[in-house]
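For reference, the structure is listed below as structure tokens.
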Amino acid sequence: MLLDQTRLPAEEAELVCTDVPALVRAIRTLAVRGAPLLGIAGAYGVALAAAREEDVASAAELLERARPTAVNLGYGVRRAERAYREAIGKGADPERAAALALAEARALHREDAEASGHMARYGLALLDELLPGGGGHRLLTHCNTGALVSGGEGTAFAVALAAHRGRRLRQLWVDETRPLLQGARLTAYEAARNGMPYSLLTDNAAGSLFAAGEVDAVLIGADRIAADGSVANKVGSYPLAVLAKYHHVPFIVVAPTTTVDLDTAGGASIIVEQRPGIEVTELTSPRAGVAGEDAVGLPVAPVGTAAYNPAFDVTPPELITAIVTEEGAVSPVTGVGLAELCARSSQVTIS
Ligand code: MRU
């Protein structure tokens with residue numbers, strides 16, 4: 001059972017996925033989304049296939065291919081699948097192997113919650129170091145990186161929340177995050193629930209906010225971090241990094257080491273998901289674009305207009321002040337520094 005994120009903030013609706021195709025659809029329609037949560041959902045999906053005594057390898061492949069950019073999805077899927085396969089290899093019956101796959105999914109879920117707490121602490125310590133003034137931090141964030149995408153309180157959002165709890169958050173600037181409005185629909189929802197001081201802005205308004213000196217730091221999450229420190233995250237992250245560099249504002253990426261993909265050398269090798277143009281040409285739910293559902297969108301462009309709709313963009317390491325993980329921060333961002341953090345991590349490695 002999932003919280004259907006396509007219905008937020010209007011409705012807190014549950015979505016029950018009783019088989020793998022339903023879960024794949026939930027992933028593709030963004031009912032369940034955000035890198036760490038995709039990993040957790042993928043692992044539970046494998047456990048579900050195993051419990052239904054289905055072909056676990058095919059289910060794992062289907063799940064892993066549901067969306068291409070967030071490395072956590074494949075990580076979670078392969079972790080649970082390996083637990084199942086190893087159990088079968090050791091002579092366990094399918095029921096026992098399914099129980100072990102489920103235990104692995106639960107372990108990943110728990111570890112992600114713990115990682116979230118560590119990232120919040122390291123991230124806040126870094127902010128306090130970079131921004132020593134006593135007036136509280138004015139932070140800008142993009143997309144949605146809170147409890148909705150994590151076993152815990154999230155990645156970048158968890159840092160802002162820690163600042164808020166420590167009475168050091170003066171303002172959270174929330175980018176609406178066109179075209180699917182994860183900032184407006186989800187981050188504003190989480191900020192409101194936590195009583196944080198926040199304002200919503202259109203993505204295009206960020207430039208004038210920087211120019212007015214209203215942003216002390218940018219905090220974003222990541223979907224895949226390449227070995228050289230290039231970061232794929234929600235489209236619109238890269239322009240923020242360019243703005244931040246120009247205005248001498250720290251640009252901080254917060255992500256667990258499970259989002260680091262040391263097998264991908266650099267940003268050019270990251271596959272960026274291209275989403276249906278209807279998400280740009282109509283104001284509608286992501287369901288309509290991917291699933292051809294009955295949702296009726298409001299056209300904002302002439303019928304037949306072609307659209308460019310990458311879901312993510314890639315920010316090069318030289319624009320990133322620091323990457324914060326559950327093992328600490330790397331700054332300046334270098335491949336060697338990242339590899340060291342990953343080597344320190346107790347996360348299970350999947351080859
Ligand atoms: O397309 P989405 O909504 O799954 O994209 C999510 C993001 O880009 C998040 O910023 C990223 O996954 C980090 S979440 C902690």
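Labeling convention for the structure tokens: chains A, B, ... as they appear, residues from 1 per chain, ligands from 1 in order of appearance.
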For Glu61 in chain A, please output as a PyMOL selection string all residues within 12 Å (counting only C-alpha atoms; exclusion window: fewer than 2 positions along the same chain). chain A and resi 20-21+24+42-43+45-46+49+55-59+63-68+73-78+81
Residues of range 35-279 of chain A in alpha helix (DSSP H) according to DSSP, as a PyMOL selection string? chain A and resi 35-51+56-64+71-89+94-130+156-165+182+188-193+206-211+237-246+278-279
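Shortest atom-to-atom contact with Glu326 in chain A among A:Val300, A:Ala158, A:Ala205, A:Ile350: A:Ala158, counting only C-alpha atoms.
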List all protein, DNA and RNA residues that have any atom at most 6 Å from ligand 1, counting only C-alpha atoms and all ligand atoms, and write the list as an MDAnalysis selection string. chainID A and resid 33:36 143:145 149 154:155 221:223 233:234 311
For the atom pair CA of Ala107 in chain A and CA of Ala162 in chain A, what is the interatomic distance in Å to one decimal place?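 It comes out at 24.3 Å.
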Which residues, written as an NGL selection string, have at least one atom at most 12 Å from Thr257 in chain A, with only C-alpha atoms counted and residues fewer than 5 positions away on the same chain left out? :A and (35-36 or 71-72 or 75 or 111-112 or 115-116 or 118-119 or 155 or 221-227 or 229 or 262 or 323-330 or 338-349)
Those residues you just picked out, can you put them in a file as a compact mmCIF listing (two decimals), in the first residue's frame with C-alpha atoms?
# COMPACT_ATOMS: atom_id res chain seq x y z
CA ALA A 35 15.06 8.31 -5.71
CA PRO A 36 15.27 6.71 -2.22
CA VAL A 71 19.90 4.63 -9.58
CA ASN A 72 18.21 3.72 -6.29
CA TYR A 75 19.73 -0.83 -6.35
CA GLU A 111 18.65 1.92 6.54
CA ASP A 112 17.20 4.71 4.43
CA ALA A 115 20.64 7.63 6.51
CA SER A 116 18.10 10.42 6.43
CA HIS A 118 22.57 11.36 9.47
CA MET A 119 22.23 13.52 6.35
CA THR A 155 17.35 14.22 1.96
CA GLY A 221 18.47 15.97 -3.70
CA ALA A 222 19.79 13.69 -6.43
CA ASP A 223 18.60 10.82 -8.58
CA ARG A 224 22.03 9.62 -9.67
CA ILE A 225 25.49 10.89 -8.81
CA ALA A 226 28.18 9.81 -11.27
CA ALA A 227 31.68 8.83 -10.18
CA GLY A 229 30.40 14.00 -8.84
CA LEU A 262 30.48 4.67 -9.24
CA ILE A 323 27.58 16.65 -1.60
CA VAL A 324 26.23 15.55 1.78
CA THR A 325 25.67 11.85 2.41
CA GLU A 326 24.96 9.78 5.52
CA GLU A 327 28.73 9.27 5.77
CA GLY A 328 29.56 12.97 5.78
CA ALA A 329 30.13 15.65 3.18
CA VAL A 330 32.54 15.94 0.30
CA LEU A 338 33.03 10.56 -3.28
CA ALA A 339 34.63 7.14 -3.63
CA GLU A 340 36.03 7.46 -0.11
CA LEU A 341 32.58 8.21 1.32
CA CYS A 342 31.12 5.23 -0.52
CA ALA A 343 33.90 2.94 0.72
CA ARG A 344 33.11 4.03 4.28
CA SER A 345 29.41 3.31 3.81
CA SER A 346 27.90 0.23 5.38
CA GLN A 347 25.33 0.05 2.57
CA VAL A 348 25.21 -3.32 0.91
CA THR A 349 27.04 -3.18 -2.43
Can you list, as a list in words, every protein, DNA or RNA residue that comes within 7 Å of Gly151 in chain A when you count only C-alpha atoms, leaving out same-chain residues fewer than 4 positions away?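 Residues near the query, excluding close chain neighbours: Leu37, His109, Arg110, Asp112, Ala113 and Ala147 of chain A.
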Exercise: Asp313 in chain A partners within 10 Å, only C-alpha atoms, chain neighbours under 6 positions left out, as an MDAnalysis selection string: chainID A and resid 223 231:239 267 270:273
Quick one: residues within 10 Å of Asp228 in chain A, only C-alpha atoms counted, chain neighbours fewer than 4 positions away excluded, as an MDAnalysis selection string? chainID A and resid 260:262 264:267 316:317 333:339
Selection: 8 Å around range 241-246 of chain A, only C-alpha atoms, excl. self and same-chain fewer than 5 positions, as number ranges by chain: A: 207, 210, 217-218, 251, 315, 319-320
Report, in Å to a single decimal, how far apart CA of Pro310 in chain A and CA of Arg28 in chain A are.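 Computed distance, CA of Arg28 in chain A to CA of Pro310 in chain A, equals 14.1 Å.
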I'd like a table as CSV: residues in range 42-125 of chain A with an atom no more than 10 Å from range 163-169 of chain A, each row giving the shortest atom pair and its distance in Å to one decimal, only C-alpha atoms counted, sorted by chain and rising residue number.
residue,atom,partner,partner_atom,distance
A:Ala120,CA,A:Ala163,CA,8.6
A:Arg121,CA,A:Ala163,CA,9.3
A:Gly123,CA,A:Ala163,CA,9.2
A:Leu124,CA,A:Ala163,CA,6.3
A:Ala125,CA,A:Ala163,CA,9.4
Would you save the residues from that selection as a CSV table (one decimal), in the first residue's frame, using C-alpha atoms?
chain,number,residue,atom,x,y,z
A,120,ALA,CA,20.1,16.0,8.3
A,121,ARG,CA,22.8,16.3,10.9
A,123,GLY,CA,23.8,19.0,6.3
A,124,LEU,CA,22.8,21.3,9.1
A,125,ALA,CA,26.4,21.3,10.4
DSSP strand (DSSP E) residues within range 124-193 of chain A, as a VMD selection string: chain A and resid 137 to 141 169 to 175
Could you check the closest approach to Ile88 in chain A for each of A:Pro9, A:Gly135, A:Glu129, A:Ala50 and tell me which residue wins, using only C-alpha atoms?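 Ranking A:Pro9, A:Gly135, A:Glu129, A:Ala50 by distance to Ile88 in chain A, first place goes to A:Ala50.
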Looking at only C-alpha atoms, which of A:Thr281, A:Thr177, A:Thr29, A:Ser230 is the one that sits closest to Ala301 in chain A?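 Going through A:Thr281, A:Thr177, A:Thr29, A:Ser230 one by one, the smallest distance to Ala301 in chain A is for A:Thr281.
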In Å, how far is it from CA of Val16 in chain A to CA of Leu38 in chain A?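 It comes out at 15.8 Å.
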